[in-house]
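Trainee: Below: one structure in structure tokens.
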Amino acid sequence: MAKKDVKDVELKGKVVLVRADFNVPMKDGEITNDNRIIQALPTLKYILEQGGKVVVFSHLGKVKEESDKEKLTLAPVAQRLSEKLEQDVTFIPETRGEKLENAIKELNEGDILMFENTRFEDLDGKKESKNDKELGKYWASLGDIFVNDAFGTAHREHASNVGISTHLETVAGFLMEKEIKFIGGVVENPTKPVVAILGGAKVSDKIGVIENLLKIADKVLIGGGMAYTFLKAQGKEIGLSLLEADKIDFAKDLLDRAGDQIVLPVDGKVAKEFSNDADITTVSMDEIPEDQEAMDIGPETVALFKKHLEGANTVVWNGPMGVFEFSNFAQGTIGVCEAIAELKDATTIIGGGDSAAAAMQLGFEDDFTHISTGGGASLEYLEGKELPGIKAIANK
């Protein structure tokens, strides 16, 4: 079912509540990556150009005690947003109350205001995270229309997304619309052939995703730490490589059911210590030494994965191929990035999380059709789950 978006509603003169995902990485009060702010700009600019009065809000981190407030204030985000929009953003360091209400009343068409971290409300009984009905109703009372553009929290039923939507007409922002189109499109109606590439550390994190993608994809290529549990299930010796012993039976059952639909690494880079400076050897996956750990896929695996990607019309990738934070073990992830980037006629999607971070860090940001802004939300969407934040958006 198609969802209403911000273009489907009259905005001029309206107070438009916008739930953004400004959960940006911070260090010593400084924003270290403003990608999420940049991703929100098209929606905010459109509403402002249409004469809406914008009230934008977000969570930032987890607020567990009063002392967290100082380091998790959205004030630096408001400042950066002001720079990006090239206009003043009024920041109200409150989540409710007369000061906030009066500031909203004073907004003119084309003005924008941001209020404080929604999770400050969690200090009083987790009102935000547990979708307190009164809080959702209160925030809804501050505006005329609700635009949800925070895909990163769409898998959560919070007061700032689902709670507000109970009381106001709710539409998707442009970023949310893209996520529904691309991530949702993979699950609901992908253009075949479909190739899925899964990596990351643990099988347990991706059980639902693997199960669902096997129903959708023609091939599922598995790399990263999770691959070694599958290799162990095939009876291979994996040395000190990452292993989830309690998932071997699951992996064996999946391999029996999927047959050649699942493609595993054939070589890897191994070392005796978990360090970027360790002595590295490239070995067949049949020959991992018992005192060494595999920390990246090897060149033969990259070539094998590249071969399986040829002719794909839809590619979805979630999870790095090795310890990409170490430059000497990033070659597998880089190789996969390059192979996908070369598929000019395919719809290529990164399902958020570490693989999105890797692609951006490695300079491939513009080579994919879509890079998701959601980690957990992307995974749950790829599992085929209905996300509360998306369900709450009005249907067309």
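Chains: A, B, ... in order of the structure tokens. Residues: from 1 per chain. Ligands: from 1, in order shown.
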Run DSSP on the backbone and grab whatever in region 340-376 of chain A lands in strand (DSSP E or B); send it over as a PyMOL selection string.
Mentor: chain A and resi 347-350+370-371
Trainee: Give me the residues within 10 Å of Gly353 (chain A) as a PyMOL selection string, counting only C-alpha atoms and dropping any in the same chain fewer than 6 places off.
Mentor: chain A and resi 200+318-320+371-379
Trainee: Output N, CA and C atoms for every residue in that selection, as a CSV table (one decimal), in the first residue's frame.
Mentor:
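The resulting file, part_15.csv, is reproduced below:
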chain,number,residue,atom,x,y,z
A,200,GLY,N,29.1,-8.9,8.4
A,200,GLY,CA,29.0,-8.6,9.8
A,200,GLY,C,29.4,-9.7,10.7
A,318,ASN,N,24.2,-5.9,3.2
A,318,ASN,CA,24.2,-5.5,4.7
A,318,ASN,C,25.3,-6.2,5.4
A,319,GLY,N,26.3,-5.4,5.9
A,319,GLY,CA,27.3,-6.0,6.7
A,319,GLY,C,28.7,-6.1,6.0
A,320,PRO,N,29.8,-5.6,6.6
A,320,PRO,CA,31.1,-5.7,6.0
A,320,PRO,C,31.6,-7.1,5.9
A,371,ILE,N,21.6,4.4,0.0
A,371,ILE,CA,22.2,4.0,1.2
A,371,ILE,C,21.3,4.3,2.3
A,372,SER,N,20.8,3.3,3.0
A,372,SER,CA,19.8,3.4,4.1
A,372,SER,C,20.4,4.2,5.3
A,373,THR,N,19.6,5.0,5.9
A,373,THR,CA,20.0,5.7,7.1
A,373,THR,C,19.7,4.9,8.4
A,374,GLY,N,19.0,3.8,8.2
A,374,GLY,CA,18.6,3.0,9.4
A,374,GLY,C,19.4,1.7,9.5
A,375,GLY,N,19.9,1.4,10.7
A,375,GLY,CA,20.6,0.2,11.0
A,375,GLY,C,19.6,-0.9,11.4
A,376,GLY,N,19.1,-0.9,12.6
A,376,GLY,CA,18.1,-1.8,13.1
A,376,GLY,C,16.8,-1.8,12.3
A,377,ALA,N,16.4,-0.6,11.9
A,377,ALA,CA,15.2,-0.5,11.1
A,377,ALA,C,15.3,-1.2,9.7
A,378,SER,N,16.5,-1.0,9.1
A,378,SER,CA,16.7,-1.7,7.8
A,378,SER,C,16.7,-3.2,7.9
A,379,LEU,N,17.4,-3.7,9.0
A,379,LEU,CA,17.4,-5.1,9.2
A,379,LEU,C,16.0,-5.7,9.4
Trainee: Determine the nearest neighbour of Ala357 (chain A) from the options A:Asp249, A:Leu213, A:Ala278, A:Arg36, counting only C-alpha atoms.
Mentor: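 Answer, going by the shortest atom-to-atom distance: A:Arg36.
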Trainee: Would you mind listing what lies within 8 Å of Leu44 (chain A) as a ChimeraX atom specification, with only C-alpha atoms counted and same-chain residues fewer than 4 positions away left out?
Mentor: /A:40,48,54
Trainee: If you count only C-alpha atoms, which residues fall within 7 Å of region 9-26 of chain A, apart from same-chain ones fewer than 2 positions away, as a PyMOL selection string?
Mentor: chain A and resi 6-7+28-34+36-37+40+47+50-61+109+143-150+152+160-161
